[in-house]
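**Student:** Enclosed is the structure file coords-v4.txt (compact mmCIF, C-alpha atoms).
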```
# COMPACT_ATOMS: atom_id res chain seq x y z
CA MET A 1 -21.19 12.18 -14.23
CA LEU A 2 -21.11 12.88 -10.51
CA GLU A 3 -19.48 9.48 -10.05
CA LEU A 4 -16.73 10.37 -12.52
CA ILE A 5 -16.04 13.71 -10.83
CA THR A 6 -15.83 11.96 -7.45
CA PHE A 7 -13.46 9.41 -8.92
CA ILE A 8 -11.22 12.09 -10.44
CA VAL A 9 -11.08 14.08 -7.19
CA LEU A 10 -10.30 10.95 -5.15
CA SER A 11 -7.59 9.83 -7.61
CA ALA A 12 -6.00 13.29 -7.59
CA VAL A 13 -5.95 13.30 -3.77
CA THR A 14 -4.50 9.76 -3.75
CA LEU A 15 -1.71 10.51 -6.21
CA VAL A 16 -0.77 13.95 -4.83
CA SER A 17 -0.61 12.72 -1.25
CA ALA A 18 1.36 9.65 -2.39
CA ILE A 19 3.89 12.00 -4.00
CA LEU A 20 4.02 14.02 -0.79
CA VAL A 21 4.64 10.78 1.18
CA ILE A 22 7.82 10.03 -0.72
CA THR A 23 9.13 13.61 -0.82
CA ARG A 24 8.62 14.94 2.73
CA ARG A 25 11.72 15.29 4.89
CA ASN A 26 9.91 14.70 8.18
CA ALA A 27 8.72 11.10 8.59
CA VAL A 28 5.72 12.21 10.69
CA HIS A 29 4.47 14.32 7.76
CA SER A 30 4.91 11.30 5.50
CA VAL A 31 2.74 9.20 7.81
CA ILE A 32 0.03 11.88 7.84
CA TRP A 33 0.03 12.11 4.03
CA LEU A 34 -0.04 8.32 3.79
CA ILE A 35 -3.16 8.35 5.97
CA VAL A 36 -4.75 10.86 3.55
CA SER A 37 -3.79 8.65 0.61
CA LEU A 38 -5.19 5.50 2.23
CA PHE A 39 -8.41 7.31 3.10
CA SER A 40 -8.97 8.31 -0.51
CA VAL A 41 -8.16 4.77 -1.69
CA GLY A 42 -10.89 3.70 0.76
CA GLY A 43 -13.18 6.23 -0.92
CA ILE A 44 -12.41 4.62 -4.28
CA PHE A 45 -13.37 1.24 -2.80
CA LEU A 46 -16.65 2.75 -1.67
CA LEU A 47 -17.18 4.13 -5.17
CA GLN A 48 -16.90 0.56 -6.47
CA HIS A 49 -19.53 -0.63 -3.99
CA ALA A 50 -17.01 -2.59 -1.94
CA GLU A 51 -18.30 -1.48 1.44
CA PHE A 52 -16.67 -4.28 3.41
CA LEU A 53 -13.23 -3.52 2.03
CA PHE A 54 -13.76 0.18 2.72
CA ALA A 55 -14.41 -0.65 6.38
CA VAL A 56 -11.39 -2.98 6.48
CA GLN A 57 -9.24 -0.29 4.86
CA ILE A 58 -10.22 2.35 7.41
CA ILE A 59 -10.13 0.13 10.51
CA LEU A 60 -7.05 -1.91 9.67
CA TYR A 61 -4.88 0.49 7.67
CA VAL A 62 -5.69 3.88 9.12
CA GLY A 63 -6.56 2.63 12.60
CA GLY A 64 -3.98 -0.11 12.99
CA ILE A 65 -0.99 -0.03 10.68
CA MET A 66 -0.66 3.75 10.56
CA VAL A 67 -0.77 4.11 14.35
CA LEU A 68 1.96 1.46 14.51
CA PHE A 69 4.00 3.47 12.00
CA LEU A 70 3.48 6.66 13.98
CA PHE A 71 4.66 4.93 17.16
CA VAL A 72 7.87 3.75 15.53
CA VAL A 73 8.49 7.15 13.93
CA MET A 74 8.20 8.68 17.39
CA LEU A 75 10.60 6.08 18.82
CA VAL A 76 13.42 6.78 16.38
CA ASP A 77 15.23 10.09 16.38
CA ILE A 78 13.64 12.61 14.01
CA ASP A 79 15.92 15.56 14.71
CA VAL A 80 18.96 13.80 13.25
CA ALA A 81 17.05 12.65 10.17
CA LEU A 82 15.87 16.22 9.47
CA LYS A 83 19.43 17.36 8.79
CA GLN A 84 20.38 14.44 6.55
CA ALA A 85 19.96 14.00 2.82
CA ARG A 86 16.53 12.70 1.86
CA PHE A 87 17.46 10.71 -1.19
CA ALA A 88 20.02 7.97 -1.57
CA ARG A 89 23.05 8.31 -3.82
CA GLN A 90 21.48 6.20 -6.59
CA TRP A 91 18.40 8.41 -7.04
CA PRO A 92 18.97 9.45 -10.70
CA LEU A 93 19.38 5.82 -11.77
CA ALA A 94 16.36 4.82 -9.69
CA LEU A 95 14.27 7.57 -11.27
CA VAL A 96 15.31 6.47 -14.78
CA THR A 97 14.35 2.89 -13.91
CA ALA A 98 10.95 3.96 -12.62
CA ILE A 99 10.29 6.13 -15.70
CA LEU A 100 11.32 3.18 -17.91
CA LEU A 101 8.80 1.00 -16.06
CA LEU A 102 6.15 3.69 -16.57
CA ALA A 103 7.05 3.85 -20.28
CA ILE A 104 6.69 0.07 -20.65
CA LEU A 105 3.30 0.09 -18.93
CA GLY A 106 2.23 3.15 -20.94
CA PHE A 107 3.26 1.42 -24.16
CA ALA A 108 1.21 -1.62 -23.20
CA PHE A 109 -1.82 0.60 -22.63
CA TYR A 110 -1.20 2.60 -25.80
CA ASN A 111 -1.03 -0.54 -27.95
CA HIS A 112 -4.73 -0.96 -27.42
CA SER A 113 -5.94 2.26 -28.96
CA LYS A 114 -9.09 2.39 -26.83
CA GLY A 115 -7.35 1.84 -23.51
CA LEU A 116 -7.48 -1.81 -22.55
CA GLY A 117 -10.80 -2.30 -24.31
CA LEU A 118 -12.55 -3.10 -21.06
CA PRO A 119 -16.06 -1.62 -21.07
CA ALA A 120 -17.71 -0.51 -17.86
CA ARG A 121 -20.05 -3.15 -16.53
CA PRO A 122 -22.41 -2.83 -13.59
CA MET A 123 -21.84 -4.90 -10.47
CA ILE A 124 -23.84 -8.10 -10.16
CA VAL A 125 -23.84 -8.07 -6.36
CA ALA A 126 -26.33 -5.60 -4.97
CA PRO A 127 -24.53 -3.00 -2.83
CA ALA A 128 -26.43 -3.93 0.31
CA GLN A 129 -25.23 -7.54 0.10
CA ASN A 130 -21.55 -6.86 -0.45
CA THR A 131 -20.42 -7.82 3.04
CA GLN A 132 -22.54 -10.96 2.96
CA ALA A 133 -21.16 -11.97 -0.44
CA VAL A 134 -17.56 -11.38 0.65
CA GLY A 135 -18.10 -13.35 3.86
CA MET A 136 -19.69 -16.26 2.00
CA THR A 137 -16.87 -16.41 -0.54
CA LEU A 138 -14.21 -16.01 2.15
CA TYR A 139 -15.47 -18.84 4.34
CA GLN A 140 -16.72 -21.20 1.64
CA ASN A 141 -14.34 -21.04 -1.30
CA TYR A 142 -11.27 -19.69 0.49
CA MET A 143 -11.30 -21.57 3.78
CA LEU A 144 -7.75 -22.92 3.52
CA PRO A 145 -6.22 -19.54 2.51
CA VAL A 146 -7.95 -17.95 5.52
CA GLU A 147 -6.32 -20.51 7.79
CA ILE A 148 -2.93 -19.92 6.15
CA ALA A 149 -3.38 -16.15 6.55
CA SER A 150 -4.17 -16.59 10.25
CA LEU A 151 -1.02 -18.69 10.63
CA LEU A 152 0.95 -15.95 8.82
CA LEU A 153 -0.40 -13.34 11.23
CA LEU A 154 0.54 -15.53 14.22
CA VAL A 155 4.08 -15.97 12.90
CA ALA A 156 4.34 -12.22 12.21
CA MET A 157 3.15 -11.41 15.73
CA VAL A 158 5.66 -13.75 17.37
CA GLY A 159 8.42 -12.51 15.06
CA ALA A 160 7.70 -8.84 15.79
CA VAL A 161 7.68 -9.47 19.56
CA ILE A 162 10.96 -11.38 19.43
CA MET A 163 12.70 -8.82 17.23
CA ALA A 164 11.58 -5.84 19.30
CA LYS A 165 12.63 -7.52 22.55
CA ARG A 166 15.62 -5.96 24.25
CA LYS A 167 17.74 -9.06 24.59
CA LEU A 168 17.32 -12.74 23.81
CA GLU A 169 17.86 -14.94 26.85
CA MET B 1 -20.11 3.68 -14.49
CA ILE B 2 -16.42 4.47 -14.46
CA PRO B 3 -14.44 2.48 -17.05
CA THR B 4 -12.15 -0.20 -15.62
CA ASP B 5 -9.27 1.44 -17.50
CA TYR B 6 -9.33 4.47 -15.21
CA TYR B 7 -8.85 2.30 -12.16
CA ILE B 8 -5.92 0.55 -13.83
CA PHE B 9 -4.34 3.92 -14.73
CA LEU B 10 -4.72 5.04 -11.12
CA GLY B 11 -3.22 1.76 -9.90
CA THR B 12 -0.30 2.17 -12.30
CA GLY B 13 0.35 5.72 -11.11
CA LEU B 14 0.27 4.73 -7.45
CA PHE B 15 2.53 1.74 -8.17
CA ILE B 16 5.11 3.91 -9.96
CA ILE B 17 5.13 6.45 -7.11
CA GLY B 18 5.66 3.59 -4.65
CA VAL B 19 8.52 2.17 -6.74
CA ILE B 20 10.18 5.60 -6.88
CA GLY B 21 9.85 5.89 -3.11
CA VAL B 22 11.36 2.45 -2.49
CA LEU B 23 14.29 3.06 -4.84
CA THR B 24 15.22 6.64 -3.95
CA ARG B 25 14.59 7.28 -0.25
CA ARG B 26 17.19 6.63 2.44
CA ASN B 27 14.84 6.40 5.43
CA VAL B 28 13.77 2.77 5.98
CA LEU B 29 10.45 3.89 7.46
CA ILE B 30 9.53 5.76 4.28
CA ILE B 31 10.60 2.74 2.20
CA LEU B 32 8.11 0.66 4.23
CA MET B 33 5.42 3.32 3.63
CA SER B 34 6.15 3.16 -0.12
CA ILE B 35 5.59 -0.61 0.03
CA GLU B 36 2.19 0.13 1.57
CA LEU B 37 1.48 2.43 -1.41
CA ILE B 38 2.42 -0.38 -3.82
CA LEU B 39 0.12 -2.83 -2.01
CA ASN B 40 -2.70 -0.29 -2.24
CA ALA B 41 -2.14 0.03 -5.98
CA VAL B 42 -2.52 -3.75 -6.21
CA ASN B 43 -5.72 -3.55 -4.18
CA ILE B 44 -7.19 -0.93 -6.54
CA ASN B 45 -6.49 -3.22 -9.50
CA LEU B 46 -7.95 -6.26 -7.73
CA MET B 47 -11.04 -4.23 -6.91
CA ALA B 48 -11.40 -2.98 -10.48
CA PHE B 49 -11.20 -6.49 -11.91
CA SER B 50 -13.50 -7.82 -9.23
CA GLN B 51 -16.05 -5.32 -10.48
CA TYR B 52 -15.27 -6.11 -14.11
CA PHE B 53 -15.66 -9.88 -13.78
CA LYS B 54 -18.72 -9.50 -11.56
CA SER B 55 -17.30 -11.62 -8.79
CA VAL B 56 -16.22 -10.88 -5.23
CA ASP B 57 -13.11 -13.09 -5.50
CA GLY B 58 -10.99 -10.01 -6.18
CA GLN B 59 -12.22 -8.39 -2.97
CA VAL B 60 -11.36 -11.55 -1.04
CA PHE B 61 -7.85 -11.42 -2.47
CA ALA B 62 -7.62 -7.75 -1.53
CA ILE B 63 -8.39 -8.79 2.05
CA PHE B 64 -5.50 -11.26 1.87
CA VAL B 65 -3.25 -8.49 0.55
CA ILE B 66 -4.24 -6.28 3.50
CA THR B 67 -3.46 -9.20 5.86
CA ASP B 68 -0.04 -9.47 4.27
CA ALA B 69 0.47 -5.72 4.64
CA ALA B 70 -0.34 -5.93 8.35
CA ALA B 71 2.09 -8.83 8.87
CA GLU B 72 4.77 -7.06 6.84
CA ALA B 73 4.33 -3.80 8.76
CA ALA B 74 4.56 -5.58 12.13
CA VAL B 75 7.72 -7.53 11.22
CA GLY B 76 9.29 -4.60 9.37
CA LEU B 77 8.78 -2.17 12.21
CA GLY B 78 10.13 -4.76 14.69
CA LEU B 79 13.21 -5.03 12.49
CA ILE B 80 13.55 -1.23 12.39
CA ILE B 81 13.38 -1.01 16.20
CA ALA B 82 16.02 -3.74 16.57
CA LEU B 83 18.16 -2.02 13.95
CA PHE B 84 17.87 1.42 15.55
CA ARG B 85 18.83 -0.07 18.90
CA ASN B 86 22.00 -1.59 17.45
CA LYS B 87 23.14 0.92 14.82
CA GLU B 88 21.47 4.22 15.89
CA THR B 89 20.36 4.85 12.30
CA VAL B 90 17.32 4.31 10.05
CA ASN B 91 19.12 5.08 6.79
CA ALA B 92 19.15 2.23 4.31
CA ASP B 93 22.61 3.06 2.95
CA GLU B 94 24.24 3.03 6.39
CA ILE B 95 23.08 -0.48 7.17
CA ASP B 96 26.07 -2.51 6.04
CA LEU B 97 26.47 -5.18 8.72
CA LEU B 98 26.40 -7.96 6.13
CA LYS B 99 28.86 -6.27 3.75
CA TRP B 100 32.54 -7.12 3.85
```
Show the structure stored in the file as structure tokens.

**Tutor:**
Amino acid sequence: MLELITFIVLSAVTLVSAILVITRRNAVHSVIWLIVSLFSVGGIFLLQHAEFLFAVQIILYVGGIMVLFLFVVMLVDIDVALKQARFARQWPLALVTAILLLAILGFAFYNHSKGLGLPARPMIVAPAQNTQAVGMTLYQNYMLPVEIASLLLLVAMVGAVIMAKRKLE
Amino acid sequence: MIPTDYYIFLGTGLFIIGVIGVLTRRNVLIILMSIELILNAVNINLMAFSQYFKSVDGQVFAIFVITDAAAEAAVGLGLIIALFRNKETVNADEIDLLKW
């Protein structure tokens, strides 16, 4: 019961702050609300006994990516953006499209009268061994994807440096 | 235990909010943030199914998704800096260098 209440509170915080992210005029406020949203998603990971991913979420997302976002928001001019329209010209059409997508997904869920028919099942991995289990799987079964991901990060790093450089010689 | 359905509903809601953000906002930075929301919705689903199928493979894939998000944020923000330097704008509808 306590678990369910925690889940509902965390989901509400996630969704409300996500809505605030896409509606705020000031980009700095959006970044702050995104941090709140990512924190509560991290809480949901913790609720599912995924401690390692919770740590990754906090360190990498909140500590790394969001600080990067904040830097770039500070670099570009906020004062001009505050006076401009928030939403693009096509927003009614975009909203209809999104609601259509929601309707399709809702219909898919509704077709199974008892949700998706997936019962709750307890985790097989003991909570204390989560990090160990993830590490074992990552470096035994997914060795090649890890190497590809590291290559992707290298390419992204070089690409970001080159694109942010003032002038190409 | 919380039913897997609830996690999927939450993921769906977060995904829809992210899609609305990508499609309606003008500021490129907020479009990138909406993409982060979408990736988080995917992570919630991966986590829910990882729990459902009693395997940590879903969590490993969530780590790969986070890696992708980091790479995408780095390249995207580099692009935004280059764009702001050239066009003095971060609005998606004013970026028309490739239009004729």

**Student:** Counting all atoms listed in the file, figure out which residue out of A:Leu75, A:Ala55, A:Val96, A:Val28 gets nearest to Ala164 (chain A).

**Tutor:**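 Closest to Ala164 (chain A) of all the choices is A:Leu75.
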
**Student:** I'd like the contact shell of region 68-75 of chain B - 8 Å cut-off, only C-alpha atoms, skipping same-chain residues fewer than 2 positions apart - returned as a list in words.

**Tutor:**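 Near region 68-75 of chain B, the qualifying residues are Leu60, Tyr61, Ile65, Leu68, Phe69, Ala149, Leu152, Leu153, Ala156, Met157, Gly159, Ala160 and Met163 of chain A; Leu32, Glu36, Leu39, Phe64, Val65, Ile66, Leu77, Gly78 and Leu79 of chain B.
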
**Student:** Output C-alpha atoms for every residue in that selection, as a short mmCIF file (atom, residue, chain, number, x, y, z; two decimals), keeping the file's coordinate frame.

**Tutor:**
```cif
data_model
loop_
_atom_site.label_atom_id
_atom_site.label_comp_id
_atom_site.auth_asym_id
_atom_site.auth_seq_id
_atom_site.Cartn_x
_atom_site.Cartn_y
_atom_site.Cartn_z
CA LEU A 60 -7.05 -1.91 9.67
CA TYR A 61 -4.88 0.49 7.67
CA ILE A 65 -0.99 -0.03 10.68
CA LEU A 68 1.96 1.46 14.51
CA PHE A 69 4.00 3.47 12.00
CA ALA A 149 -3.38 -16.15 6.55
CA LEU A 152 0.95 -15.95 8.82
CA LEU A 153 -0.40 -13.34 11.23
CA ALA A 156 4.34 -12.22 12.21
CA MET A 157 3.15 -11.41 15.73
CA GLY A 159 8.42 -12.51 15.06
CA ALA A 160 7.70 -8.84 15.79
CA MET A 163 12.70 -8.82 17.23
CA LEU B 32 8.11 0.66 4.23
CA GLU B 36 2.19 0.13 1.57
CA LEU B 39 0.12 -2.83 -2.01
CA PHE B 64 -5.50 -11.26 1.87
CA VAL B 65 -3.25 -8.49 0.55
CA ILE B 66 -4.24 -6.28 3.50
CA LEU B 77 8.78 -2.17 12.21
CA GLY B 78 10.13 -4.76 14.69
CA LEU B 79 13.21 -5.03 12.49
#
```

**Student:** Hey, which bits of chain B sit within 8 Å of chain A, and for each residue what's the closest pair of atoms and how far apart in Å (one decimal), counting all atoms listed in the file, rows by chain and increasing number, as a Markdown table?

**Tutor:**
```
| residue | atom | partner | partner_atom | distance |
| --- | --- | --- | --- | --- |
| B:Met1 | CA | A:Ala120 | CA | 5.9 |
| B:Ile2 | CA | A:Ala120 | CA | 6.2 |
| B:Pro3 | CA | A:Ala120 | CA | 4.5 |
| B:Thr4 | CA | A:Ala120 | CA | 6.0 |
| B:Asp5 | CA | A:Leu116 | CA | 6.3 |
| B:Leu10 | CA | A:Ser11 | CA | 6.6 |
| B:Thr12 | CA | A:Leu105 | CA | 7.8 |
| B:Gly13 | CA | A:Leu15 | CA | 7.2 |
| B:Leu14 | CA | A:Leu15 | CA | 6.2 |
| B:Ile16 | CA | A:Ala98 | CA | 6.4 |
| B:Ile17 | CA | A:Ile19 | CA | 6.5 |
| B:Gly18 | CA | A:Ala18 | CA | 7.8 |
| B:Val19 | CA | A:Ala98 | CA | 6.6 |
| B:Ile20 | CA | A:Ala98 | CA | 6.0 |
| B:Gly21 | CA | A:Ile22 | CA | 5.2 |
| B:Leu23 | CA | A:Ala94 | CA | 5.6 |
| B:Thr24 | CA | A:Trp91 | CA | 4.8 |
| B:Arg25 | CA | A:Phe87 | CA | 4.6 |
| B:Arg26 | CA | A:Ala88 | CA | 5.1 |
| B:Asn27 | CA | A:Arg86 | CA | 7.4 |
| B:Leu29 | CA | A:Ala27 | CA | 7.5 |
| B:Ile30 | CA | A:Ile22 | CA | 6.8 |
| B:Met33 | CA | A:Leu34 | CA | 7.4 |
| B:Ser34 | CA | A:Ile22 | CA | 7.1 |
| B:Leu37 | CA | A:Ala18 | CA | 7.3 |
| B:Asn40 | CA | A:Val41 | CA | 7.5 |
| B:Ile44 | CA | A:Phe45 | CA | 7.5 |
| B:Met47 | CA | A:Phe45 | CA | 7.2 |
| B:Ala48 | CA | A:Gln48 | CA | 7.7 |
| B:Gln51 | CA | A:Met123 | CA | 5.8 |
| B:Tyr52 | CA | A:Arg121 | CA | 6.1 |
| B:Lys54 | CA | A:Ile124 | CA | 5.5 |
| B:Ser55 | CA | A:Ile124 | CA | 7.6 |
| B:Val56 | CA | A:Val134 | CA | 6.1 |
| B:Asp57 | CA | A:Thr137 | CA | 7.1 |
| B:Gln59 | CA | A:Leu53 | CA | 7.1 |
| B:Val60 | CA | A:Leu138 | CA | 6.2 |
| B:Ala62 | CA | A:Leu53 | CA | 7.9 |
| B:Ile63 | CA | A:Leu53 | CA | 7.2 |
| B:Phe64 | CA | A:Ala149 | CA | 7.1 |
| B:Ile66 | CA | A:Gln57 | CA | 7.9 |
| B:Thr67 | CA | A:Ala149 | CA | 7.0 |
| B:Asp68 | CA | A:Ala149 | CA | 7.8 |
| B:Ala70 | CA | A:Ile65 | CA | 6.4 |
| B:Ala71 | CA | A:Ala156 | CA | 5.3 |
| B:Glu72 | CA | A:Ala156 | CA | 7.5 |
| B:Ala73 | CA | A:Ile65 | CA | 6.8 |
| B:Ala74 | CA | A:Ala160 | CA | 5.8 |
| B:Val75 | CA | A:Ala160 | CA | 4.8 |
| B:Gly76 | CA | A:Ala160 | CA | 7.9 |
| B:Leu77 | CA | A:Val72 | CA | 6.8 |
| B:Gly78 | CA | A:Ala160 | CA | 4.9 |
| B:Leu79 | CA | A:Met163 | CA | 6.1 |
| B:Ile81 | CA | A:Ala164 | CA | 6.0 |
| B:Ala82 | CA | A:Ala164 | CA | 5.6 |
| B:Phe84 | CA | A:Val76 | CA | 7.0 |
| B:Val90 | CA | A:Val76 | CA | 7.8 |
| B:Asp93 | CA | A:Ala88 | CA | 7.2 |
```

**Student:** For CA of Phe61 (chain B) and CA of Asn43 (chain B), quote the distance in Å rounded to one decimal.

**Tutor:**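 Interatomic distance here is 8.3 Å.
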
**Student:** Record the distance separating CA of Ile38 (chain B) and CA of Glu88 (chain B), expressed in Å with one decimal.

**Tutor:** 27.8 Å

**Student:** Mind rebuilding region 4-32 of chain B with N, CA and C atoms and writing that out as a JSON list (two decimals), in the coordinates of the input?

**Tutor:**
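Dumped to out.json:
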```json
[["chain", "number", "residue", "atom", "x", "y", "z"],
["B", 4, "THR", "N", -13.18, 0.53, -16.39],
["B", 4, "THR", "CA", -12.15, -0.20, -15.62],
["B", 4, "THR", "C", -10.76, 0.35, -15.90],
["B", 5, "ASP", "N", -10.57, 0.87, -17.14],
["B", 5, "ASP", "CA", -9.27, 1.44, -17.50],
["B", 5, "ASP", "C", -8.80, 2.49, -16.51],
["B", 6, "TYR", "N", -9.73, 3.36, -16.08],
["B", 6, "TYR", "CA", -9.33, 4.47, -15.21],
["B", 6, "TYR", "C", -8.74, 3.94, -13.91],
["B", 7, "TYR", "N", -9.37, 2.88, -13.40],
["B", 7, "TYR", "CA", -8.85, 2.30, -12.16],
["B", 7, "TYR", "C", -7.45, 1.74, -12.38],
["B", 8, "ILE", "N", -7.24, 1.14, -13.56],
["B", 8, "ILE", "CA", -5.92, 0.55, -13.83],
["B", 8, "ILE", "C", -4.88, 1.66, -13.99],
["B", 9, "PHE", "N", -5.28, 2.79, -14.63],
["B", 9, "PHE", "CA", -4.34, 3.92, -14.73],
["B", 9, "PHE", "C", -3.98, 4.43, -13.34],
["B", 10, "LEU", "N", -4.99, 4.57, -12.49],
["B", 10, "LEU", "CA", -4.72, 5.04, -11.12],
["B", 10, "LEU", "C", -3.80, 4.07, -10.40],
["B", 11, "GLY", "N", -4.07, 2.75, -10.55],
["B", 11, "GLY", "CA", -3.22, 1.76, -9.90],
["B", 11, "GLY", "C", -1.80, 1.85, -10.41],
["B", 12, "THR", "N", -1.65, 2.05, -11.73],
["B", 12, "THR", "CA", -0.30, 2.17, -12.30],
["B", 12, "THR", "C", 0.43, 3.38, -11.71],
["B", 13, "GLY", "N", -0.27, 4.52, -11.65],
["B", 13, "GLY", "CA", 0.35, 5.72, -11.11],
["B", 13, "GLY", "C", 0.81, 5.53, -9.68],
["B", 14, "LEU", "N", -0.06, 4.95, -8.86],
["B", 14, "LEU", "CA", 0.27, 4.73, -7.45],
["B", 14, "LEU", "C", 1.44, 3.76, -7.33],
["B", 15, "PHE", "N", 1.45, 2.72, -8.19],
["B", 15, "PHE", "CA", 2.53, 1.74, -8.17],
["B", 15, "PHE", "C", 3.86, 2.39, -8.50],
["B", 16, "ILE", "N", 3.86, 3.26, -9.55],
["B", 16, "ILE", "CA", 5.11, 3.91, -9.96],
["B", 16, "ILE", "C", 5.62, 4.81, -8.84],
["B", 17, "ILE", "N", 4.70, 5.57, -8.20],
["B", 17, "ILE", "CA", 5.13, 6.45, -7.11],
["B", 17, "ILE", "C", 5.75, 5.61, -5.99],
["B", 18, "GLY", "N", 5.11, 4.46, -5.69],
["B", 18, "GLY", "CA", 5.66, 3.59, -4.65],
["B", 18, "GLY", "C", 7.03, 3.07, -5.02],
["B", 19, "VAL", "N", 7.21, 2.69, -6.30],
["B", 19, "VAL", "CA", 8.52, 2.17, -6.74],
["B", 19, "VAL", "C", 9.58, 3.25, -6.60],
["B", 20, "ILE", "N", 9.22, 4.49, -7.01],
["B", 20, "ILE", "CA", 10.18, 5.60, -6.88],
["B", 20, "ILE", "C", 10.56, 5.80, -5.42],
["B", 21, "GLY", "N", 9.56, 5.73, -4.54],
["B", 21, "GLY", "CA", 9.85, 5.89, -3.11],
["B", 21, "GLY", "C", 10.78, 4.81, -2.59],
["B", 22, "VAL", "N", 10.52, 3.55, -2.97],
["B", 22, "VAL", "CA", 11.36, 2.45, -2.49],
["B", 22, "VAL", "C", 12.79, 2.62, -2.98],
["B", 23, "LEU", "N", 12.94, 3.04, -4.25],
["B", 23, "LEU", "CA", 14.29, 3.06, -4.84],
["B", 23, "LEU", "C", 15.09, 4.28, -4.43],
["B", 24, "THR", "N", 14.43, 5.42, -4.14],
["B", 24, "THR", "CA", 15.22, 6.64, -3.95],
["B", 24, "THR", "C", 15.41, 7.05, -2.49],
["B", 25, "ARG", "N", 14.47, 6.74, -1.61],
["B", 25, "ARG", "CA", 14.59, 7.28, -0.25],
["B", 25, "ARG", "C", 15.63, 6.54, 0.56],
["B", 26, "ARG", "N", 16.20, 7.24, 1.56],
["B", 26, "ARG", "CA", 17.19, 6.63, 2.44],
["B", 26, "ARG", "C", 16.54, 6.10, 3.70],
["B", 27, "ASN", "N", 15.47, 6.77, 4.17],
["B", 27, "ASN", "CA", 14.84, 6.40, 5.43],
["B", 27, "ASN", "C", 14.07, 5.09, 5.27],
["B", 28, "VAL", "N", 14.40, 4.10, 6.10],
["B", 28, "VAL", "CA", 13.77, 2.77, 5.98],
["B", 28, "VAL", "C", 12.28, 2.85, 6.24],
["B", 29, "LEU", "N", 11.87, 3.75, 7.15],
["B", 29, "LEU", "CA", 10.45, 3.89, 7.46],
["B", 29, "LEU", "C", 9.67, 4.32, 6.23],
["B", 30, "ILE", "N", 10.24, 5.27, 5.46],
["B", 30, "ILE", "CA", 9.53, 5.76, 4.28],
["B", 30, "ILE", "C", 9.55, 4.71, 3.19],
["B", 31, "ILE", "N", 10.59, 3.86, 3.16],
["B", 31, "ILE", "CA", 10.60, 2.74, 2.20],
["B", 31, "ILE", "C", 9.45, 1.79, 2.53],
["B", 32, "LEU", "N", 9.24, 1.52, 3.84],
["B", 32, "LEU", "CA", 8.11, 0.66, 4.23],
["B", 32, "LEU", "C", 6.78, 1.30, 3.83]]
```
